[in-house]
file entry_29.cif (mmCIF, C-alpha atoms and all ligand atoms)
data_protein
loop_
_atom_site.label_atom_id
_atom_site.label_comp_id
_atom_site.auth_asym_id
_atom_site.auth_seq_id
_atom_site.Cartn_x
_atom_site.Cartn_y
_atom_site.Cartn_z
CA MET A 1 0.00 0.00 0.00
CA PRO A 2 1.38 3.48 -0.85
CA THR A 3 2.62 5.35 2.23
CA PHE A 4 0.15 8.19 1.53
CA GLU A 5 -2.73 5.77 2.09
CA THR A 6 -1.16 4.40 5.29
CA VAL A 7 -0.77 7.91 6.71
CA PHE A 8 -3.96 9.59 5.43
CA GLY A 9 -6.28 6.56 5.43
CA LYS A 10 -7.31 6.83 1.77
CA PRO A 11 -5.76 6.71 -1.72
CA ARG A 12 -4.48 10.14 -2.74
CA PHE A 13 -7.19 11.04 -5.28
CA ASP A 14 -10.00 9.86 -2.94
CA TRP A 15 -8.47 11.99 -0.19
CA LEU A 16 -8.25 15.01 -2.51
CA ALA A 17 -11.96 14.57 -3.39
CA ASP A 18 -12.72 15.05 0.33
CA HIS A 19 -10.42 18.08 0.63
CA PRO A 20 -11.33 20.68 -2.02
CA ASP A 21 -8.77 23.24 -0.84
CA ALA A 22 -5.96 20.71 -1.15
CA ALA A 23 -7.37 19.54 -4.50
CA SER A 24 -7.31 23.11 -5.79
CA LEU A 25 -3.73 23.51 -4.57
CA PHE A 26 -2.84 20.23 -6.30
CA GLN A 27 -4.26 21.46 -9.63
CA GLN A 28 -2.33 24.74 -9.23
CA ALA A 29 0.81 22.68 -8.66
CA MET A 30 0.05 20.67 -11.80
CA ILE A 31 -0.30 23.93 -13.76
CA ALA A 32 3.01 25.21 -12.35
CA LEU A 33 4.79 21.93 -13.11
CA SER A 34 3.33 21.90 -16.63
CA GLN A 35 4.68 25.31 -17.65
CA GLY A 36 5.91 24.90 -21.20
CA ALA A 37 5.16 21.16 -21.32
CA ASN A 38 1.56 21.53 -22.49
CA GLU A 39 2.63 23.78 -25.35
CA ALA A 40 5.52 21.44 -26.18
CA VAL A 41 3.23 18.41 -26.41
CA ALA A 42 0.63 20.33 -28.45
CA GLU A 43 3.36 21.48 -30.86
CA ALA A 44 5.03 18.09 -31.24
CA CYS A 45 1.98 16.02 -32.21
CA ASP A 46 0.21 16.09 -35.57
CA PHE A 47 -3.55 16.02 -34.99
CA GLY A 48 -4.41 16.81 -38.63
CA ALA A 49 -5.98 13.42 -39.37
CA PHE A 50 -8.22 13.35 -36.31
CA SER A 51 -11.58 14.88 -35.41
CA GLN A 52 -12.13 14.31 -31.69
CA ILE A 53 -9.76 14.07 -28.74
CA VAL A 54 -10.34 13.08 -25.13
CA ASP A 55 -7.90 14.37 -22.50
CA VAL A 56 -8.10 11.54 -19.98
CA GLY A 57 -7.35 12.80 -16.47
CA GLY A 58 -6.98 16.22 -18.06
CA GLY A 59 -7.27 18.08 -14.73
CA HIS A 60 -7.10 21.84 -15.23
CA GLY A 61 -7.41 21.37 -19.02
CA GLN A 62 -4.43 23.41 -20.13
CA LEU A 63 -3.06 20.68 -22.40
CA LEU A 64 -6.43 20.27 -24.12
CA SER A 65 -6.73 24.04 -24.55
CA GLU A 66 -3.28 24.27 -26.14
CA ILE A 67 -4.17 21.46 -28.56
CA LEU A 68 -7.61 22.84 -29.49
CA LYS A 69 -6.25 26.37 -29.97
CA ARG A 70 -3.82 25.02 -32.58
CA HIS A 71 -6.39 22.71 -34.23
CA PRO A 72 -9.78 24.40 -34.54
CA HIS A 73 -11.09 21.44 -36.59
CA LEU A 74 -10.80 19.19 -33.50
CA SER A 75 -13.43 18.89 -30.81
CA GLY A 76 -12.21 17.98 -27.35
CA ILE A 77 -13.50 16.41 -24.17
CA LEU A 78 -11.90 17.20 -20.84
CA PHE A 79 -12.41 14.05 -18.77
CA ASP A 80 -11.57 13.85 -15.07
CA LEU A 81 -13.07 13.03 -11.68
CA PRO A 82 -16.19 15.10 -10.84
CA ALA A 83 -14.42 17.68 -8.65
CA GLY A 84 -11.72 18.30 -11.25
CA VAL A 85 -14.23 18.70 -14.06
CA GLU A 86 -16.42 21.05 -12.04
CA ALA A 87 -13.43 23.30 -11.32
CA ALA A 88 -12.52 23.42 -15.01
CA ARG A 89 -16.13 23.92 -16.11
CA ALA A 90 -16.41 26.92 -13.78
CA ASN A 91 -13.71 28.41 -15.97
CA ALA A 92 -15.31 27.26 -19.26
CA ALA A 93 -15.17 30.71 -20.88
CA SER A 94 -11.38 30.48 -20.99
CA PHE A 95 -11.48 27.24 -23.04
CA PRO A 96 -11.71 27.07 -26.84
CA PRO A 97 -15.39 26.84 -27.90
CA GLN A 98 -15.09 23.24 -29.13
CA THR A 99 -14.40 21.98 -25.57
CA SER A 100 -16.84 19.85 -23.60
CA PHE A 101 -16.53 18.57 -20.05
CA VAL A 102 -17.28 15.02 -18.89
CA ALA A 103 -16.87 13.66 -15.36
CA GLY A 104 -16.19 10.01 -14.60
CA ASN A 105 -13.77 7.40 -13.38
CA PHE A 106 -11.26 6.14 -15.91
CA PHE A 107 -11.09 2.76 -14.17
CA ASN A 108 -14.75 2.25 -15.15
CA ALA A 109 -14.98 3.88 -18.58
CA VAL A 110 -13.87 6.84 -20.67
CA PRO A 111 -16.01 8.76 -23.21
CA ALA A 112 -16.55 6.56 -26.27
CA GLY A 113 -15.99 7.15 -29.98
CA ALA A 114 -13.08 9.60 -30.15
CA ASP A 115 -10.06 9.03 -32.33
CA VAL A 116 -7.40 10.29 -29.90
CA TYR A 117 -7.11 9.54 -26.19
CA ILE A 118 -4.32 11.55 -24.65
CA MET A 119 -3.16 11.31 -21.06
CA LYS A 120 -0.39 13.46 -19.68
CA LYS A 121 1.26 12.60 -16.38
CA VAL A 122 -1.56 10.18 -15.65
CA ILE A 123 -0.13 6.71 -16.30
CA HIS A 124 2.81 7.39 -13.95
CA ASP A 125 0.33 7.70 -11.08
CA TRP A 126 -0.53 4.00 -11.26
CA ASN A 127 0.98 0.54 -10.96
CA ASP A 128 1.04 -1.74 -14.02
CA GLU A 129 -2.28 -3.44 -13.37
CA GLN A 130 -4.10 -0.14 -12.85
CA ALA A 131 -2.37 1.51 -15.83
CA VAL A 132 -3.37 -1.38 -18.10
CA ARG A 133 -6.98 -0.99 -16.99
CA ILE A 134 -7.00 2.71 -17.99
CA LEU A 135 -5.32 2.00 -21.33
CA ARG A 136 -7.63 -0.91 -22.07
CA ASN A 137 -10.67 1.27 -21.37
CA CYS A 138 -9.37 3.74 -23.98
CA ARG A 139 -8.59 0.97 -26.47
CA GLU A 140 -12.05 -0.53 -26.16
CA VAL A 141 -13.96 2.64 -27.08
CA MET A 142 -11.64 4.42 -29.51
CA LYS A 143 -12.33 4.49 -33.26
CA PRO A 144 -10.60 1.64 -35.17
CA HIS A 145 -7.92 3.96 -36.58
CA GLY A 146 -7.63 5.75 -33.23
CA ARG A 147 -4.53 6.52 -31.23
CA VAL A 148 -3.63 6.47 -27.58
CA LEU A 149 -1.07 9.13 -26.69
CA ILE A 150 0.82 8.87 -23.40
CA ALA A 151 2.74 12.01 -22.49
CA GLU A 152 5.33 11.22 -19.84
CA THR A 153 8.96 11.74 -18.96
CA ILE A 154 10.62 8.48 -20.01
CA ILE A 155 13.44 7.09 -17.86
CA PRO A 156 16.50 7.16 -20.14
CA PRO A 157 18.77 4.11 -20.48
CA GLY A 158 21.85 3.92 -18.26
CA ASN A 159 22.58 4.59 -14.65
CA GLU A 160 23.09 8.34 -14.84
CA ARG A 161 21.64 10.82 -12.38
CA ASN A 162 18.23 12.08 -13.57
CA THR A 163 15.41 13.91 -11.75
CA ILE A 164 12.83 11.50 -13.11
CA LYS A 165 14.40 8.79 -10.91
CA LEU A 166 13.68 10.89 -7.82
CA ILE A 167 10.15 11.49 -9.04
CA ASP A 168 9.83 7.72 -9.41
CA ALA A 169 10.38 7.39 -5.64
CA ASN A 170 7.82 10.14 -5.02
CA MET A 171 5.22 8.35 -7.16
CA LEU A 172 5.79 5.12 -5.23
CA VAL A 173 5.13 6.82 -1.89
CA VAL A 174 2.22 9.04 -2.90
CA THR A 175 0.10 7.02 -5.34
CA GLY A 176 1.87 3.68 -5.71
CA GLY A 177 2.78 4.79 -9.24
CA VAL A 178 6.01 4.41 -11.16
CA GLU A 179 8.12 6.17 -13.79
CA ARG A 180 8.96 3.88 -16.70
CA THR A 181 11.50 3.20 -19.44
CA GLU A 182 10.43 3.03 -23.08
CA SER A 183 10.45 -0.77 -23.01
CA GLU A 184 8.32 -0.78 -19.85
CA PHE A 185 5.79 1.49 -21.58
CA SER A 186 5.85 -0.77 -24.61
CA ALA A 187 5.09 -3.82 -22.45
CA LEU A 188 2.30 -1.94 -20.67
CA LEU A 189 0.71 -1.00 -24.00
CA ALA A 190 0.98 -4.57 -25.27
CA ALA A 191 -0.75 -5.85 -22.14
CA ALA A 192 -3.62 -3.45 -22.91
CA GLY A 193 -3.96 -4.69 -26.51
CA LEU A 194 -2.09 -1.71 -27.96
CA ARG A 195 1.08 -1.41 -30.02
CA LEU A 196 3.70 1.28 -29.53
CA GLU A 197 4.03 2.96 -32.96
CA ARG A 198 6.60 5.63 -32.11
CA VAL A 199 7.97 7.94 -29.46
CA ILE A 200 7.66 11.64 -30.25
CA SER A 201 10.21 13.96 -28.65
CA THR A 202 9.15 17.43 -27.59
CA ALA A 203 11.02 20.61 -26.76
CA ARG A 204 10.69 19.77 -23.05
CA ALA A 205 11.62 16.80 -20.87
CA ILE A 206 8.43 15.03 -21.82
CA SER A 207 7.81 12.62 -24.68
CA VAL A 208 4.68 11.29 -26.31
CA LEU A 209 4.28 7.55 -26.81
CA GLU A 210 1.88 6.97 -29.70
CA ALA A 211 0.00 3.67 -29.77
CA SER A 212 -2.55 2.04 -32.04
CA ARG A 213 -4.72 -1.08 -31.62
CA ALA A 214 -2.52 -4.18 -31.76
C1 LIG B 301 -1.03 14.03 -12.09
S1 LIG B 301 -2.57 14.72 -12.54
C2 LIG B 301 -2.30 15.18 -14.23
C3 LIG B 301 -3.24 16.23 -14.69
C4 LIG B 301 -3.00 16.75 -16.13
N1 LIG B 301 -3.14 15.69 -17.10
C5 LIG B 301 -1.65 17.41 -16.23
O1 LIG B 301 -0.81 16.96 -17.01
O2 LIG B 301 -1.39 18.40 -15.54
C6 LIG B 301 -3.61 13.28 -12.66
C7 LIG B 301 -5.07 13.57 -13.00
O3 LIG B 301 -5.80 12.33 -13.01
C8 LIG B 301 -7.07 12.57 -12.44
N2 LIG B 301 -7.62 11.31 -11.95
C9 LIG B 301 -7.17 10.58 -10.88
N3 LIG B 301 -7.93 9.48 -10.72
C10 LIG B 301 -8.87 9.51 -11.71
C11 LIG B 301 -9.93 8.64 -12.07
N4 LIG B 301 -10.15 7.51 -11.38
N5 LIG B 301 -10.70 8.96 -13.14
C12 LIG B 301 -10.47 10.11 -13.84
N6 LIG B 301 -9.47 10.98 -13.56
C13 LIG B 301 -8.68 10.68 -12.49
C14 LIG B 301 -6.78 13.56 -11.33
O4 LIG B 301 -7.94 14.23 -10.89
C15 LIG B 301 -5.76 14.47 -11.99
O5 LIG B 301 -6.38 15.56 -12.64
#
call {"tool": "encode", "arguments": {"input": "entry_29.cif", "output": "C-alpha cells", "more": "lines below"}}
Ligand SMILES: C[S@@+](CC[C@H](N)C(=O)[O-])C[C@H]1O[C@@H](n2cnc3c(N)ncnc32)[C@H](O)[C@@H]1O
result
Amino acid sequence: MPTFETVFGKPRFDWLADHPDAASLFQQAMIALSQGANEAVAEACDFGAFSQIVDVGGGHGQLLSEILKRHPHLSGILFDLPAGVEAARANAASFPPQTSFVAGNFFNAVPAGADVYIMKKVIHDWNDEQAVRILRNCREVMKPHGRVLIAETIIPPGNERNTIKLIDANMLVVTGGVERTESEFSALLAAAGLRLERVISTARAISVLEASRA
C-alpha cells in the first residue's frame, strides 16, 4: 500500500476529493509543473488526421486548450473526476469553444468514440495493473484507426543521475505509481492490446508515446 494511504487513510485522489482546498492547490501545482510542457506536447503532435480528442485525467485542461487552440477542426473532451471537471467547467469561458466537459472514473470507462485519447502525467500515477486498466478502457472505445497518446517523462537508459528517478520514488510513496523506461511502456501498452508505434520527442523533458490497436 502506498505510504500516503497508510498515513492519510485513503488513496491520494480519494483523499483530494474530500479536501477541495488541497485539491485546488494540487491542480495549481500541476499547472506550475506543466509550464511549457503543455505547449511542447501540443506542438510536437500532428492532430491533422483526427476529429475528436479526449484528454483523460486532463485536470485543469491546459493541455487540451493548447491542442484545441492550434487545431480548430478538432473537438475535445476534458475528462476527469467530478471535482476536477467542475473546477474546469467553472472556468469554461477560458477554453476554446469546441471543448466539452465530462466527469467520470477512468477505471470504469472513458467517453466513447473519439479518435485520440491523450493522457499526460496520468499513467505514472498507477501501478502496471491499474495503468493497463485505464489504457484498455481507452482501447475498447476508440475508433478503429484511433490513437492512444501517453505524455510522460521516459526514464532514459543507463545509470546516470536524472530527476525522473527521484520522481519515481515520489510516485511510489504518494500514489503507488512508477516512472517507466520506453520498453516498460511498450510492455504496458501490449498488455492493454495496444502497439507502440513511435515515441515523439518534444522541446521539453516530456515525450509522447503513440500507440494504435494491436
Ligand atoms: C497528475 S494529474 C495530471 C493532470 C494533467 N493531465 C496534467 O498533465 O497536468 C492526474 C489527473 O488524473 C485525475 N484522476 C485521478 N484518478 C482519476 C480517475 N479515477 N478517473 C479520472 N481521472 C482521475 C486527477 O484528478 C488528476 O487531474
call {"tool": "residues_around", "arguments": {"input": "entry_29.cif", "residues": "region 114-123 of chain A", "least_positions_apart": "2", "cutoff": "8 Å", "atoms": "all atoms listed in the file", "output": "list in words"}}
result
Phe50, Ser51, Gln52, Ile53, Val54, Asp55, Val56, Gly57, Gly58, Pro111, Ala112, Asp125, Trp126, Ala131, Cys138, Val141, Met142, Lys143, Pro144, His145, Gly146, Arg147, Val148, Leu149, Ile150, Ala151, Glu152 and Gly177 of chain A
call {"tool": "residues_near_ligand", "arguments": {"input": "entry_29.cif", "ligand": "ligand LIG 301 (chain B)", "cutoff": "8 Å", "atoms": "all atoms listed in the file", "output": "PyMOL selection string"}}
result
chain A and resi 13+27+30-31+33-34+38+55-63+79-81+83-84+103-108+119-122+124-125
call {"tool": "atom_distance", "arguments": {"input": "entry_29.cif", "atom1": "CA of Ala203 (chain A)", "atom2": "CA of Ala40 (chain A)"}}
result
5.6 Å
call {"tool": "closest_residue", "arguments": {"input": "entry_29.cif", "among": "A:Pro11, A:Gly48, A:Pro82, A:Pro72", "to": "Phe101 (chain A)", "atoms": "only C-alpha atoms"}}
result
A:Pro82
call {"tool": "closest_residue", "arguments": {"input": "entry_29.cif", "among": "A:Thr202, A:Ser183, A:Asn170, A:Thr175", "to": "Glu5 (chain A)", "atoms": "only C-alpha atoms"}}
result
A:Thr175
call {"tool": "closest_residue", "arguments": {"input": "entry_29.cif", "among": "A:Ala92, A:Leu172, A:Leu25, A:Ile155", "to": "Pro2 (chain A)", "atoms": "all atoms listed in the file"}}
result
A:Leu172
call {"tool": "atom_distance", "arguments": {"input": "entry_29.cif", "atom1": "CA of Asn137 (chain A)", "atom2": "CA of Ala109 (chain A)"}}
result
5.8 Å
call {"tool": "atom_distance", "arguments": {"input": "entry_29.cif", "atom1": "CA of Ile206 (chain A)", "atom2": "CA of Gln130 (chain A)"}}
result
21.6 Å
call {"tool": "closest_residue", "arguments": {"input": "entry_29.cif", "among": "A:Thr153, A:Leu78, A:Ala49, A:Arg204", "to": "Arg180 (chain A)", "atoms": "all atoms listed in the file"}}
result
A:Thr153
call {"tool": "closest_residue", "arguments": {"input": "entry_29.cif", "among": "A:Ser201, A:Asn127, A:Thr181, A:Ser207", "to": "Met1 (chain A)", "atoms": "all atoms listed in the file"}}
result
A:Asn127
